[in-house]
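S.K.: Pasting in a structure now, in structure tokens, and then I'll have a few things to ask.
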Amino acid sequence: MKTINYIYSLLSIVVIMAMGCEKDNFDAPTSMLTGRVVHQGQPLGLRSGGVQLELWQHGYDLFSKIPIHVDQDGSFSARLFDGNYKLVLLRGNGPWADNTDSLDVNLKGTASVDVPVDPYFIITNQSFQRNGNEITGTVTIQQVNTSRSLERVAIYLGQTLIVDQNNSAARAEVVSGAIADFNQPIELTVSIPASLADKGYLFARIGVKATGVAEYLYSQPQQITL
Amino acid sequence: MKRIYQLAILSILPLAFLSCAKDWLERTPKNIILEEQVWNDPKQILGLLANFYDRLPTDMGLNDPDHTSIDANQERQAQWRRMADYDDAMWSGFSNEEGRNNIVNYPFDRWRVWNYSLVRDINLALENIEKYGVSLSGEQKAQFSAELRFLRAYNYFELVKRMGGVPLITTQLIYDYSGDPSYMQAPRAKEAEVYDFIADEVDAIKDDLGNTGSNTRANKYTALALKSRAMLYAGSLAKYNNEMGGPITTPGGEVGIPASRADEYFEKSLAASAEIITSGGYALYQNNPDLGENFYEAVVRKTGNDEVIFAWDFLSSKDKRHGFAYDNIPRSIREDNLSSSNITPSLNLVERYEYLDGSNGELKTRTADNSDFIYYDQVTDIFANKDARLYGTVIYPGASFKGLTVEMQAGVMVWNAASNSYQTVEGADLGSTWGGESYPHGDGKLLTATGGPHRSIMEVSNTGFYLRKYVDSGPGTSTRGIRSDVWWVWFRLGEVYLNAAEAAFELNRDADAAQYLSTLRERAGFGANSVTASTITVERIRNERRVELAFEDHRVWDLKRWRIAHDVWNGSSSNPDAVVYALYPYRVVRPGDAARDGKYVFVKMAAPRFRAPRFFQMGNYYSSIDQGVINNNPKIVRNPFH
């Protein structure tokens with residue numbers, strides 16, 4: 001008798017537990033928005049976790065932005081509910097000119113958007129050479145939006161693929177005053193730090209910065225075998 | 001018979017109701033205080049004022065409210081733990097708050113305050129004191145109103161330095177239930193207009209304030225100190241914002257002050273500072289012949305202190321206390337069994353204190369050719385001949401506090417003749433000896449001191465320094481039973497001297513600026529005229545502010561208004577300013593070498609518990625405005641970068 005009571009009470013607890021978590025849970029969002037930040041169809045290189053886009057949805061009580069962080073290769077993704085969204089560039093946030101026009105995003109299942117921006121500078125050509133204990137990067141930059149001037153060009157070395165202003169083992173720069181004509185290829189030389197020298201490989205990247213904008217625009221990182 | 005009875009009762013009944021006269025229901029409630037009562041009783045008005053004083057926002061302070069959330073009114077209150085969030089110190093306490101050593105970037109809402117709840121309460125008080133205060137004398141009314149307006153001006157300063165221009169609301173807003181709230185939606189004022197408002201308010205009220213000699217209620221010089229600081233901020237914003245590659249502005253001027261106004265603001269700041277300095281009511285604290293102790297007392301001592309202009313007072317006898325000493329006393333001399341050592345100053349700060357001969361304050365740990373350590377007889381010798389304010393701000397290895405010596409030793413350096421190098425041995429526990437079973441070759445003397453520093457143990461210094469400023473030296477004050485009632489200094493004369501020096505320097509009056517700086521430096525042990533018109537530089541003034549006003553909630557605001565925060569804290573691990581450094585003392589074990597054995601050497605390193613370099617982004621110069629605020633008032637424009 002006692003055991004039966006025991007079993008019954010246990011059973012009822014199990015039933016309650018199994019039923020308990022039904023109504024009060026919403027399904028997680030399942031739709032996927034992916035995209036890239038592009039200039040003339042080419043994705044732009046950015047600082048990892050540095051640049052943010054914002055997504056707004058009208059028509060609901062809660063009206064606040066959904067921040068979307070852009071990866072260092074210019075791509076982004078967000079898992080959302082289906083619906084109509086507006087994608088906006090955050091003012092002054094990326095290495096491109098402000099544009100207050102929003103981009104309509106109609107999300108059903110999946111959607112992929114290219115966000116066209118108007119960068120101040122882009123990197124059109126880059127190459128790296130190793131000379132002994134030094135890496136020399138040669139880069140050609142091109143001004144696209146002329147409203148801001150060139151501030152500096154920098155080369156970064158890192159141990160992993162993620163290399164930028166905040167994640168680098170070594171860095172060297174040339175300020176705009178030292179560049180006679182930035183339409184010509186610019187050479188940057190940085191010595192390989194001891195922490196990377198014995199690893200056998202490293203990643204190099206070049207960034208260009210316009211005055212008055214916090215973020216650099218980067219080339220895609222390139223692996224160099226030592 | 002029965003009928004008569006009934007009639008009699010019936011006739012008595014109305015009597016019972018009628019008899020108690022008219023005022024039966026007209027009684028003074030015992031649980032509600034009426035407006036007429038409050039605004040005619042100076043004591044109750046004072047009680048209300050105390051509440052308003054207590055709600056002034058600050059980034060640091062000595063309080064410890066719920067530090068994980070913002071309250072619903074966005075009145076972000078003082079939070080001493082934030083002292084560990086910049087470059088003057090780091091967190092060495094309980095590992096729950098390890099995040100303070102790993103702030104990947106400062107969130108855009110970090111310094112957000114939108115405390116219109118306080119502004120409204122003050123506006124309401126100002127209107128009600130006029131409306132209901134019939135039995136107050138004209139003088140009392142004027143004084144209370146002036147005090148309320150001071151608090152409002154101070155609060156607007158706290159708002160403008162965080163948010164940029166904010167709506168200037170000076171009357172209470174009452175909804176008329178018409179369905180259209182747009183008349184209550186005020187747009188943001190220009191940044192310059194808010195600073196002008198503060199200056200105008202101070203000028204209007206300063207002679208009505210009374211409270212002469214008080215340093216916990218506002219008087220004329222408190223108001224002038226506010227003006228001195230606010231105008232200096234406005235001037236440097238006007239100047240340095242426009243010197244940036246891309247000035248931070250909004251089209252409507254809510255952020256951004258025209259460069260042409262810089263001199264005007266600096267003039268106003270200098271005039272206010274000069275008036276305080278020449279008033280004679282205040283003097284730099286110089287009561288203790290021991291200059292280091294003197295500087296400590298200048299901030300914390302409440303009696304006979306003519307330096308403090310305005311403080312947020314605490315009092316143990318009235319149970320208004322805080323646990324700052326409990327949380328920040330050095331580990332080795334703590335009186336409670338928990339906490340201690342949370343805020344530990346950085347080597348970065350310590351090295352900013354110059355040597356008394358005026359040379360750079362960098363500590364000398366290695367010989368000039370970097371071939372060997374420099375060997376010190378005593379652990380304190382490396383700090384000899386430093387600016388006395390170092391002793392007054394920081395407890396360094398071997399310094400004393402509460403009459404006790406705070407011993408610090410990270411481990412021993414054992415000479416290995418075979419490899420011709422030192423082997424570093426650090427103890428797993430505090431207060432361990434180099435000997436016994438664990439170290440059979442040891443000499444049985446001290447390995448790691450009870451005060452650390454230690455690389456990983458919680459609640460012991462991770463940097464090799466402890467905090468002295470604001471830590472109570474009274475007996476038992478670091479216990480949870482007694483706690484501390486040291487006050488928080490809003491304004492003191494030392495800052496006014498620095499404001500004057502900076503404003504004078506910006507106005508190209510170098511000799512005046514040098515004079516102000518020299519006066520302040522003399523108190524710290526420097527000779528007369530240690531700075532002259534030919535040696536004064538903007539870096540020197542900025543460094544002086546950093547060392548004099550460390551842990552008094554100035555550093556982050558100063559870096560912001562000079563527009564250098566994004567360069568100093570650029571998030572790069574190769575930038576020594578963005579990383580918190582530590583200094584670890586070791587005892588040398590090198591038998592047979594009398595010149596070195598038993599001496600002390602020091603190692604500089606990035607603090608072991610420190611993770612992410614400080615990273616201040618352009619979007620941090622002005623904090624983001626809550627989306628809920630913008631939704632309620634579409635006239636509010638967003639700040640740049642967010």
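Chain labels A, B, ... are given in the sequence in which chains occur in the structure tokens; within each chain residues are numbered consecutively from 1, and ligands are likewise numbered from 1 in the order shown.
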Find the spatial neighbours of B:Leu363, counting only C-alpha atoms, within a cut-off of 10 Å - ignore same-chain residues fewer than 2 positions away - and output them as a ChimeraX atom specification.

M.R.: /B:347,350-355,360-361,365-366,382-383,386,583,602,604

S.K.: When you get a sec, could you note down which chain B residues fall within 10 Å of chain A, using only C-alpha atoms, as a VMD selection string?

M.R.: chain B and resid 104 to 105 244 to 248 566 570 to 574 612 to 613 615 617 to 619 626 to 628 630 to 631 638 to 642

S.K.: Could you find all residues in stretch 44-204 of chain A that DSSP calls strand (DSSP E) from the backbone, and write them as a PyMOL selection string?

M.R.: chain A and resi 51-56+66-70+75-80+83-89+103-107+110-116+121-131+134-143+150-158+170-175+186-191+201-204

S.K.: Which polymer residues have any atom within 6 Å of an atom of stretch 490-507 of chain B, counting only C-alpha atoms, with same-chain residues fewer than 2 positions away left out, as a PDB file with C-alpha atoms, in the first residue's frame?

M.R.:
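Resulting contents of part12.pdb:
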ATOM      1  CA  PHE B 266      37.750  80.066 -19.266  1.00  0.00           C
ATOM      2  CA  LEU B 270      39.087  81.721 -13.597  1.00  0.00           C
ATOM      3  CA  SER B 273      38.184  80.258  -8.828  1.00  0.00           C
ATOM      4  CA  GLU B 307      40.082  72.963   2.546  1.00  0.00           C
ATOM      5  CA  VAL B 308      36.865  71.057   1.933  1.00  0.00           C
ATOM      6  CA  ILE B 309      34.236  73.325   0.388  1.00  0.00           C
ATOM      7  CA  PHE B 310      31.418  70.869  -0.076  1.00  0.00           C
ATOM      8  CA  ALA B 311      31.122  67.284   1.099  1.00  0.00           C
ATOM      9  CA  ARG B 509      48.561  83.715 -18.494  1.00  0.00           C
ATOM     10  CA  ASP B 510      51.357  81.246 -17.886  1.00  0.00           C
ATOM     11  CA  ALA B 513      48.989  79.373 -13.889  1.00  0.00           C
ATOM     12  CA  TYR B 516      48.642  78.396  -8.716  1.00  0.00           C
TER      13      TYR B 516
END

S.K.: What's the 8 Å shell around B:Ile205, counting only C-alpha atoms, without same-chain residues fewer than 6 positions away, as a list in words?

M.R.: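 Near neighbours after the sequence-gap exclusion: Ala146, Glu147, Arg149 and Phe150 of chain B.
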
S.K.: Write a file of the just-selected residues containing C-alpha atoms, as a short mmCIF file (atom, residue, chain, number, x, y, z; two decimals), in the first residue's frame.

M.R.:
data_model
loop_
_atom_site.label_atom_id
_atom_site.label_comp_id
_atom_site.auth_asym_id
_atom_site.auth_seq_id
_atom_site.Cartn_x
_atom_site.Cartn_y
_atom_site.Cartn_z
CA ALA B 146 18.53 79.55 -3.58
CA GLU B 147 19.62 76.24 -2.12
CA ARG B 149 18.24 76.19 -7.34
CA PHE B 150 21.85 75.33 -6.51
#
